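Everything below belongs to start_10.pdb, which stores PDB, C-alpha atoms.
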```pdb
ATOM      1  CA  LYS P   1      30.168  50.242 -25.474
ATOM      2  CA  ASN P   2      27.373  51.686 -27.591
ATOM      3  CA  GLN P   3      27.765  55.434 -27.813
ATOM      4  CA  VAL P   4      26.317  58.365 -29.724
ATOM      5  CA  GLU P   5      28.328  61.578 -29.845
ATOM      6  CA  GLN P   6      26.892  64.815 -31.176
ATOM      7  CA  SER P   7      28.660  67.976 -32.201
ATOM      8  CA  PRO P   8      28.696  70.809 -31.671
ATOM      9  CA  GLN P   9      27.170  70.946 -28.202
ATOM     10  CA  SER P  10      25.691  74.321 -29.010
ATOM     11  CA  LEU P  11      25.486  76.551 -32.041
ATOM     12  CA  ILE P  12      24.324  80.094 -32.689
ATOM     13  CA  ILE P  13      23.596  81.253 -36.230
ATOM     14  CA  LEU P  14      21.772  84.123 -37.870
ATOM     15  CA  GLU P  15      18.320  83.682 -39.297
ATOM     16  CA  GLY P  16      18.446  82.653 -42.932
ATOM     17  CA  LYS P  17      21.798  80.916 -42.674
ATOM     18  CA  ASN P  18      22.410  77.195 -43.126
ATOM     19  CA  CYS P  19      23.928  74.857 -40.561
ATOM     20  CA  THR P  20      24.964  71.238 -40.188
ATOM     21  CA  LEU P  21      24.790  69.143 -37.037
ATOM     22  CA  GLN P  22      26.879  66.018 -36.657
ATOM     23  CA  CYS P  23      26.236  62.624 -35.061
ATOM     24  CA  ASN P  24      28.849  59.887 -34.723
ATOM     25  CA  TYR P  25      27.956  56.515 -33.279
ATOM     26  CA  THR P  26      29.520  53.226 -32.307
ATOM     27  CA  VAL P  27      26.246  51.301 -31.915
ATOM     28  CA  SER P  28      26.538  47.877 -33.469
ATOM     29  CA  PRO P  29      24.881  46.107 -35.091
ATOM     30  CA  PHE P  30      23.092  49.105 -36.538
ATOM     31  CA  SER P  31      19.365  49.182 -37.221
ATOM     32  CA  ASN P  32      18.355  52.802 -37.745
ATOM     33  CA  LEU P  33      19.095  56.363 -36.744
ATOM     34  CA  ARG P  34      16.504  58.985 -35.909
ATOM     35  CA  TRP P  35      16.805  62.734 -35.498
ATOM     36  CA  TYR P  36      14.517  64.400 -32.974
ATOM     37  CA  LYS P  37      13.783  68.077 -32.510
ATOM     38  CA  GLN P  38      13.063  69.192 -28.955
ATOM     39  CA  ASP P  39      11.642  72.651 -28.423
ATOM     40  CA  THR P  40      12.211  74.264 -25.044
ATOM     41  CA  GLY P  41       9.785  72.866 -22.500
ATOM     42  CA  ARG P  42       8.460  70.222 -24.871
ATOM     43  CA  GLY P  43       9.090  66.575 -25.594
ATOM     44  CA  PRO P  44      11.211  65.406 -28.539
ATOM     45  CA  VAL P  45       9.481  65.110 -31.903
ATOM     46  CA  SER P  46      10.810  62.916 -34.684
ATOM     47  CA  LEU P  47      12.144  64.711 -37.765
ATOM     48  CA  THR P  48      13.383  61.793 -39.808
ATOM     49  CA  ILE P  49      14.573  58.217 -39.592
ATOM     50  CA  MET P  50      17.457  56.707 -41.553
ATOM     51  CA  THR P  51      17.883  53.000 -42.176
ATOM     52  CA  PHE P  52      21.001  51.199 -43.294
ATOM     53  CA  SER P  53      20.259  51.490 -47.005
ATOM     54  CA  GLU P  54      19.401  55.187 -46.980
ATOM     55  CA  ASN P  55      22.026  57.850 -47.602
ATOM     56  CA  THR P  56      19.915  60.991 -47.708
ATOM     57  CA  LYS P  57      16.422  61.906 -46.616
ATOM     58  CA  SER P  58      14.733  65.286 -46.599
ATOM     59  CA  ASN P  59      11.899  66.711 -44.550
ATOM     60  CA  GLY P  60      11.237  70.237 -45.731
ATOM     61  CA  ARG P  61      14.262  72.361 -44.900
ATOM     62  CA  TYR P  62      15.835  69.491 -42.966
ATOM     63  CA  THR P  63      18.103  67.013 -44.766
ATOM     64  CA  ALA P  64      19.645  64.062 -42.978
ATOM     65  CA  THR P  65      22.519  62.011 -44.315
ATOM     66  CA  LEU P  66      23.884  58.689 -43.193
ATOM     67  CA  ASP P  67      27.214  57.003 -43.867
ATOM     68  CA  ALA P  68      26.888  53.559 -42.319
ATOM     69  CA  ASP P  69      30.497  52.708 -43.185
ATOM     70  CA  THR P  70      31.966  55.546 -41.148
ATOM     71  CA  LYS P  71      29.030  55.497 -38.686
ATOM     72  CA  GLN P  72      28.285  59.150 -39.162
ATOM     73  CA  SER P  73      25.106  61.109 -39.719
ATOM     74  CA  SER P  74      24.450  64.772 -40.269
ATOM     75  CA  LEU P  75      21.399  66.998 -40.136
ATOM     76  CA  HIS P  76      21.508  69.989 -42.458
ATOM     77  CA  ILE P  77      19.134  72.882 -41.930
ATOM     78  CA  THR P  78      18.623  75.202 -44.871
ATOM     79  CA  ALA P  79      17.544  78.836 -44.639
ATOM     80  CA  SER P  80      17.129  78.702 -40.882
ATOM     81  CA  GLN P  81      14.130  80.247 -39.186
ATOM     82  CA  LEU P  82      13.624  81.447 -35.635
ATOM     83  CA  SER P  83      11.407  78.416 -35.029
ATOM     84  CA  ASP P  84      14.383  76.144 -35.667
ATOM     85  CA  SER P  85      15.788  77.169 -32.287
ATOM     86  CA  ALA P  86      15.715  73.912 -30.345
ATOM     87  CA  SER P  87      17.778  70.948 -29.258
ATOM     88  CA  TYR P  88      18.388  68.285 -31.896
ATOM     89  CA  ILE P  89      18.894  64.778 -30.602
ATOM     90  CA  CYS P  90      20.369  61.866 -32.528
ATOM     91  CA  VAL P  91      19.121  58.419 -31.487
ATOM     92  CA  VAL P  92      20.536  55.148 -32.789
ATOM     93  CA  ARG P  93      18.740  51.825 -32.551
ATOM     94  CA  LYS P  94      20.684  48.619 -32.188
ATOM     95  CA  SER P  95      19.609  45.743 -34.368
ATOM     96  CA  GLY P  96      17.893  43.102 -32.301
ATOM     97  CA  GLY P  97      17.767  45.462 -29.376
ATOM     98  CA  GLY P  98      14.020  45.356 -29.115
ATOM     99  CA  ALA P  99      11.843  48.229 -28.016
ATOM    100  CA  ASP P 100      14.529  49.528 -25.701
ATOM    101  CA  GLY P 101      17.596  49.128 -27.924
ATOM    102  CA  LEU P 102      18.115  52.876 -28.227
ATOM    103  CA  THR P 103      21.195  54.965 -27.530
ATOM    104  CA  PHE P 104      20.625  58.702 -27.245
ATOM    105  CA  GLY P 105      23.044  61.490 -28.004
ATOM    106  CA  LYS P 106      23.101  64.450 -25.627
ATOM    107  CA  GLY P 107      21.899  66.774 -28.352
ATOM    108  CA  THR P 108      22.990  69.959 -30.064
ATOM    109  CA  HIS P 109      21.437  73.150 -28.744
ATOM    110  CA  LEU P 110      20.739  75.419 -31.721
ATOM    111  CA  ILE P 111      19.899  79.099 -31.363
ATOM    112  CA  ILE P 112      18.745  81.128 -34.356
ATOM    113  CA  GLN P 113      19.247  84.853 -33.921
ATOM    114  CA  PRO P 114      17.230  87.443 -35.851
TER
ATOM    115  CA  ASP G 115      -5.746  62.193 -30.342
ATOM    116  CA  ALA G 116      -4.317  64.581 -27.758
ATOM    117  CA  GLY G 117      -0.986  62.801 -27.693
ATOM    118  CA  VAL G 118       0.810  61.565 -24.608
ATOM    119  CA  ILE G 119      -0.395  63.481 -21.574
ATOM    120  CA  GLN G 120       1.747  63.950 -18.516
ATOM    121  CA  SER G 121       0.955  65.555 -15.206
ATOM    122  CA  PRO G 122       1.940  67.633 -13.463
ATOM    123  CA  ARG G 123       4.008  69.804 -15.827
ATOM    124  CA  HIS G 124       6.054  71.122 -12.947
ATOM    125  CA  GLU G 125       6.639  69.733  -9.472
ATOM    126  CA  VAL G 126       8.637  71.278  -6.668
ATOM    127  CA  THR G 127       9.041  69.205  -3.548
ATOM    128  CA  GLU G 128      11.188  68.983  -0.488
ATOM    129  CA  MET G 129      13.818  66.328  -0.036
ATOM    130  CA  GLY G 130      12.370  63.216   1.537
ATOM    131  CA  GLN G 131       8.879  63.691   0.173
ATOM    132  CA  GLU G 132       7.112  61.252  -2.105
ATOM    133  CA  VAL G 133       6.599  62.319  -5.700
ATOM    134  CA  THR G 134       4.213  60.735  -8.185
ATOM    135  CA  LEU G 135       4.361  61.494 -11.884
ATOM    136  CA  ARG G 136       1.502  60.499 -14.150
ATOM    137  CA  CYS G 137       1.187  59.540 -17.782
ATOM    138  CA  LYS G 138      -1.642  58.790 -20.176
ATOM    139  CA  PRO G 139      -0.302  57.170 -23.365
ATOM    140  CA  ILE G 140      -1.806  57.512 -26.820
ATOM    141  CA  SER G 141      -4.847  55.279 -27.127
ATOM    142  CA  GLY G 142      -4.014  51.992 -28.821
ATOM    143  CA  HIS G 143      -0.292  52.139 -28.145
ATOM    144  CA  ASP G 144       1.053  49.014 -26.488
ATOM    145  CA  TYR G 145       4.480  50.246 -25.390
ATOM    146  CA  LEU G 146       5.084  52.856 -22.725
ATOM    147  CA  PHE G 147       8.459  54.277 -21.776
ATOM    148  CA  TRP G 148       9.663  56.456 -18.913
ATOM    149  CA  TYR G 149      12.740  58.605 -19.547
ATOM    150  CA  ARG G 150      14.727  61.061 -17.468
ATOM    151  CA  GLN G 151      16.531  64.002 -19.052
ATOM    152  CA  THR G 152      19.334  66.044 -17.497
ATOM    153  CA  MET G 153      21.884  68.394 -18.990
ATOM    154  CA  MET G 154      24.727  66.118 -17.951
ATOM    155  CA  ARG G 155      23.404  62.792 -19.183
ATOM    156  CA  GLY G 156      20.765  63.674 -21.752
ATOM    157  CA  LEU G 157      17.834  61.275 -22.137
ATOM    158  CA  GLU G 158      18.010  58.016 -20.209
ATOM    159  CA  LEU G 159      15.524  55.157 -20.365
ATOM    160  CA  LEU G 160      14.277  54.253 -16.895
ATOM    161  CA  ILE G 161      11.727  51.540 -17.584
ATOM    162  CA  TYR G 162       9.354  50.374 -20.272
ATOM    163  CA  PHE G 163       6.134  48.414 -20.391
ATOM    164  CA  ASN G 164       4.563  46.251 -23.061
ATOM    165  CA  ASN G 165       0.835  45.631 -22.729
ATOM    166  CA  ASN G 166       0.968  47.003 -19.175
ATOM    167  CA  VAL G 167       3.708  44.573 -18.121
ATOM    168  CA  PRO G 168       7.121  45.937 -17.083
ATOM    169  CA  ILE G 169       9.690  44.489 -19.465
ATOM    170  CA  ASP G 170      12.944  46.143 -18.471
ATOM    171  CA  ASP G 171      13.533  48.290 -15.407
ATOM    172  CA  SER G 172      17.321  48.128 -15.483
ATOM    173  CA  GLY G 173      17.466  51.874 -16.006
ATOM    174  CA  MET G 174      15.718  52.647 -12.740
ATOM    175  CA  PRO G 175      18.471  54.250 -10.701
ATOM    176  CA  GLU G 176      17.551  53.033  -7.234
ATOM    177  CA  ASP G 177      14.894  51.268  -5.210
ATOM    178  CA  ARG G 178      13.488  54.690  -4.437
ATOM    179  CA  PHE G 179      12.061  54.656  -7.949
ATOM    180  CA  SER G 180       9.062  52.540  -8.862
ATOM    181  CA  ALA G 181       6.669  52.493 -11.804
ATOM    182  CA  LYS G 182       3.283  50.945 -12.380
ATOM    183  CA  MET G 183       0.896  50.575 -15.256
ATOM    184  CA  PRO G 184      -2.432  49.377 -13.853
ATOM    185  CA  ASN G 185      -4.169  49.613 -17.212
ATOM    186  CA  ALA G 186      -3.534  50.502 -20.841
ATOM    187  CA  SER G 187      -4.320  54.159 -20.366
ATOM    188  CA  PHE G 188      -2.407  55.084 -17.241
ATOM    189  CA  SER G 189       1.045  54.804 -15.739
ATOM    190  CA  THR G 190       2.803  56.305 -12.728
ATOM    191  CA  LEU G 191       6.408  56.861 -11.785
ATOM    192  CA  LYS G 192       6.957  57.257  -8.074
ATOM    193  CA  ILE G 193      10.011  58.458  -6.187
ATOM    194  CA  GLN G 194      10.043  57.818  -2.471
ATOM    195  CA  PRO G 195      11.895  59.411  -0.774
ATOM    196  CA  SER G 196      12.951  62.091  -3.235
ATOM    197  CA  GLU G 197      16.460  63.578  -3.237
ATOM    198  CA  PRO G 198      17.887  66.752  -4.838
ATOM    199  CA  ARG G 199      19.797  64.668  -7.396
ATOM    200  CA  ASP G 200      16.456  63.421  -8.719
ATOM    201  CA  SER G 201      15.805  66.882 -10.120
ATOM    202  CA  ALA G 202      15.319  66.457 -13.865
ATOM    203  CA  VAL G 203      12.696  66.435 -16.580
ATOM    204  CA  TYR G 204      10.834  63.140 -16.724
ATOM    205  CA  PHE G 205       9.289  62.114 -20.025
ATOM    206  CA  CYS G 206       6.738  59.478 -20.808
ATOM    207  CA  ALA G 207       6.538  58.125 -24.359
ATOM    208  CA  SER G 208       4.371  55.564 -26.082
ATOM    209  CA  SER G 209       4.537  53.599 -29.309
ATOM    210  CA  PHE G 210       2.629  50.941 -31.200
ATOM    211  CA  ARG G 211       4.049  47.432 -31.434
ATOM    212  CA  GLY G 212       7.585  48.597 -30.703
ATOM    213  CA  ARG G 213       8.816  47.547 -34.102
ATOM    214  CA  VAL G 214      12.158  48.554 -35.533
ATOM    215  CA  ASN G 215      11.053  51.753 -37.229
ATOM    216  CA  THR G 216       8.202  52.584 -34.903
ATOM    217  CA  GLU G 217       8.293  56.126 -33.630
ATOM    218  CA  ALA G 218       7.908  56.805 -29.939
ATOM    219  CA  PHE G 219       5.715  59.806 -29.202
ATOM    220  CA  PHE G 220       6.761  61.847 -26.206
ATOM    221  CA  GLY G 221       4.699  63.783 -23.715
ATOM    222  CA  GLN G 222       5.632  67.306 -22.724
ATOM    223  CA  GLY G 223       7.442  66.124 -19.641
ATOM    224  CA  THR G 224       7.321  66.829 -15.930
ATOM    225  CA  ARG G 225      10.010  69.147 -14.607
ATOM    226  CA  LEU G 226      10.837  67.931 -11.116
ATOM    227  CA  THR G 227      12.760  70.074  -8.663
ATOM    228  CA  VAL G 228      13.700  68.595  -5.308
ATOM    229  CA  VAL G 229      14.932  71.166  -2.795
TER
END
```
Representation of the structure as structure tokens:
Amino acid sequence: KNQVEQSPQSLIILEGKNCTLQCNYTVSPFSNLRWYKQDTGRGPVSLTIMTFSENTKSNGRYTATLDADTKQSSLHITASQLSDSASYICVVRKSGGGADGLTFGKGTHLIIQP
Amino acid sequence: DAGVIQSPRHEVTEMGQEVTLRCKPISGHDYLFWYRQTMMRGLELLIYFNNNVPIDDSGMPEDRFSAKMPNASFSTLKIQPSEPRDSAVYFCASSFRGRVNTEAFFGQGTRLTVV
């Protein structure tokens, strides 16, 4: 069964600190993996997408990594800001799955404290 | 573009009542998705359309749920009759050509509470 597991479920850190969110998946065959940020009361917004051949990709203070061999991805946030408080959702697309071939993780709820 | 627009933002209704959620996708997008989000199950795909035609509704939980897309700029998700377990946030998303790396853009969601 295609699954996406995220950890931790929730995380509280102080402003300015770094943190790393994890995503493990069993989706196969793999096409790509996307990290979304969802602010409270808003819809998810894409942060970055990782394809099979990409190991690391950065978007400002966000850096995503992908290890397709171990089927693991991480999202590292550097020098956290209060605006980083949100849920971060990992979504994996199955190759050949078409427009609906997505498996969603349940997200990590991140709280940045001043 | 204003993005994907959903209405209403919040809906509170009594059990047994009919509920209609509305969505206006981004102009030019040919795929439209309806998702439901709960704390327990996260985001779940309910149904999606391509060029206004329903392609896969296997995620629709029961016959009480129905969705239509009468034209390229409007879609509805209807629950009749509604039940307390339908309480969730419902998201509409749209994308262009639904290709492998195409990003789906989400609306702000409708928070439905059935009492």
Apply the ChimeraX specification (/G :<10) & /P to the structure shown and report the selected residues as a PDB file with C-alpha atoms, in the frame of the given file.
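For reference, part.pdb as written:
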```pdb
ATOM      1  CA  SER P  31      19.365  49.182 -37.221  1.00  0.00           C
ATOM      2  CA  ASN P  32      18.355  52.802 -37.745  1.00  0.00           C
ATOM      3  CA  LEU P  33      19.095  56.363 -36.744  1.00  0.00           C
ATOM      4  CA  ARG P  34      16.504  58.985 -35.909  1.00  0.00           C
ATOM      5  CA  GLN P  38      13.063  69.192 -28.955  1.00  0.00           C
ATOM      6  CA  ASP P  39      11.642  72.651 -28.423  1.00  0.00           C
ATOM      7  CA  THR P  40      12.211  74.264 -25.044  1.00  0.00           C
ATOM      8  CA  GLY P  41       9.785  72.866 -22.500  1.00  0.00           C
ATOM      9  CA  ARG P  42       8.460  70.222 -24.871  1.00  0.00           C
ATOM     10  CA  GLY P  43       9.090  66.575 -25.594  1.00  0.00           C
ATOM     11  CA  PRO P  44      11.211  65.406 -28.539  1.00  0.00           C
ATOM     12  CA  VAL P  45       9.481  65.110 -31.903  1.00  0.00           C
ATOM     13  CA  SER P  46      10.810  62.916 -34.684  1.00  0.00           C
ATOM     14  CA  THR P  48      13.383  61.793 -39.808  1.00  0.00           C
ATOM     15  CA  ILE P  49      14.573  58.217 -39.592  1.00  0.00           C
ATOM     16  CA  MET P  50      17.457  56.707 -41.553  1.00  0.00           C
ATOM     17  CA  THR P  51      17.883  53.000 -42.176  1.00  0.00           C
ATOM     18  CA  ILE P  89      18.894  64.778 -30.602  1.00  0.00           C
ATOM     19  CA  VAL P  91      19.121  58.419 -31.487  1.00  0.00           C
ATOM     20  CA  ARG P  93      18.740  51.825 -32.551  1.00  0.00           C
ATOM     21  CA  LYS P  94      20.684  48.619 -32.188  1.00  0.00           C
ATOM     22  CA  SER P  95      19.609  45.743 -34.368  1.00  0.00           C
ATOM     23  CA  GLY P  96      17.893  43.102 -32.301  1.00  0.00           C
ATOM     24  CA  GLY P  97      17.767  45.462 -29.376  1.00  0.00           C
ATOM     25  CA  GLY P  98      14.020  45.356 -29.115  1.00  0.00           C
ATOM     26  CA  ALA P  99      11.843  48.229 -28.016  1.00  0.00           C
ATOM     27  CA  ASP P 100      14.529  49.528 -25.701  1.00  0.00           C
ATOM     28  CA  GLY P 101      17.596  49.128 -27.924  1.00  0.00           C
ATOM     29  CA  LEU P 102      18.115  52.876 -28.227  1.00  0.00           C
ATOM     30  CA  THR P 103      21.195  54.965 -27.530  1.00  0.00           C
ATOM     31  CA  PHE P 104      20.625  58.702 -27.245  1.00  0.00           C
ATOM     32  CA  GLY P 105      23.044  61.490 -28.004  1.00  0.00           C
ATOM     33  CA  LYS P 106      23.101  64.450 -25.627  1.00  0.00           C
ATOM     34  CA  GLY P 107      21.899  66.774 -28.352  1.00  0.00           C
TER      35      GLY P 107
END
```
>> As an exercise, work out the distance from atom CA of Pro139 of chain G to atom CA of Glu176 of chain G in Å and give it to one decimal place.
In response: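 It comes out at 24.4 Å.
Considering the residues P:Ala86, P:Ser73, P:Ile112, P:Val4 and counting only C-alpha atoms, Asn55 of chain P has its shortest atom-to-atom contact with P:Ser73.
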So what does the PyMOL selection byres ((chain P and resi 71) around 10) actually pick up in this one, as a PDB file with C-alpha atoms, in the coordinates of the input?
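Below is the file out-v4.pdb, written as the result:
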```pdb
ATOM      1  CA  VAL P   4      26.317  58.365 -29.724  1.00  0.00           C
ATOM      2  CA  CYS P  23      26.236  62.624 -35.061  1.00  0.00           C
ATOM      3  CA  ASN P  24      28.849  59.887 -34.723  1.00  0.00           C
ATOM      4  CA  TYR P  25      27.956  56.515 -33.279  1.00  0.00           C
ATOM      5  CA  THR P  26      29.520  53.226 -32.307  1.00  0.00           C
ATOM      6  CA  VAL P  27      26.246  51.301 -31.915  1.00  0.00           C
ATOM      7  CA  SER P  28      26.538  47.877 -33.469  1.00  0.00           C
ATOM      8  CA  PHE P  30      23.092  49.105 -36.538  1.00  0.00           C
ATOM      9  CA  LEU P  66      23.884  58.689 -43.193  1.00  0.00           C
ATOM     10  CA  ASP P  67      27.214  57.003 -43.867  1.00  0.00           C
ATOM     11  CA  ALA P  68      26.888  53.559 -42.319  1.00  0.00           C
ATOM     12  CA  ASP P  69      30.497  52.708 -43.185  1.00  0.00           C
ATOM     13  CA  THR P  70      31.966  55.546 -41.148  1.00  0.00           C
ATOM     14  CA  GLN P  72      28.285  59.150 -39.162  1.00  0.00           C
ATOM     15  CA  SER P  73      25.106  61.109 -39.719  1.00  0.00           C
TER      16      SER P  73
END
```
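Using only C-alpha atoms, the smallest distance between any of P:Thr63, P:Asn18, P:Lys37, P:Ser10 and Gln81 of chain P comes from P:Asn18.
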All file atoms of segment 123-140 of chain G boxed axis-aligned, 5 Å per side, centre plus edges, as lines of an AutoDock Vina configuration file:
```
center_x = 6.0
center_y = 64.2
center_z = -12.6
size_x = 25.6
size_y = 24.1
size_z = 38.4
```
>> Can you measure atom CA of Thr108 of chain P to atom CA of Ser85 of chain P for me? One decimal in Å is fine.
In response: 10.4 Å
> Expanded to explicit residues, what is the PyMOL selection byres ((chain G and resi 194) around 12) for this file, as a list of chain:residue names?
Replying inline: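 That selection, the PyMOL selection byres ((chain G and resi 194) around 12), comes back as G:Thr127, G:Glu128, G:Met129, G:Gly130, G:Gln131, G:Glu132, G:Val133, G:Thr134, G:Leu135, G:Glu176, G:Asp177, G:Arg178, G:Phe179, G:Ser180, G:Ala181, G:Leu191, G:Lys192, G:Ile193, G:Pro195, G:Ser196, G:Glu197, G:Asp200, G:Val228.
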>> Could you tell me how far atom CA of Ile119 of chain G sits from atom CA of Met183 of chain G, in Å to one decimal place?
In response: 14.4 Å
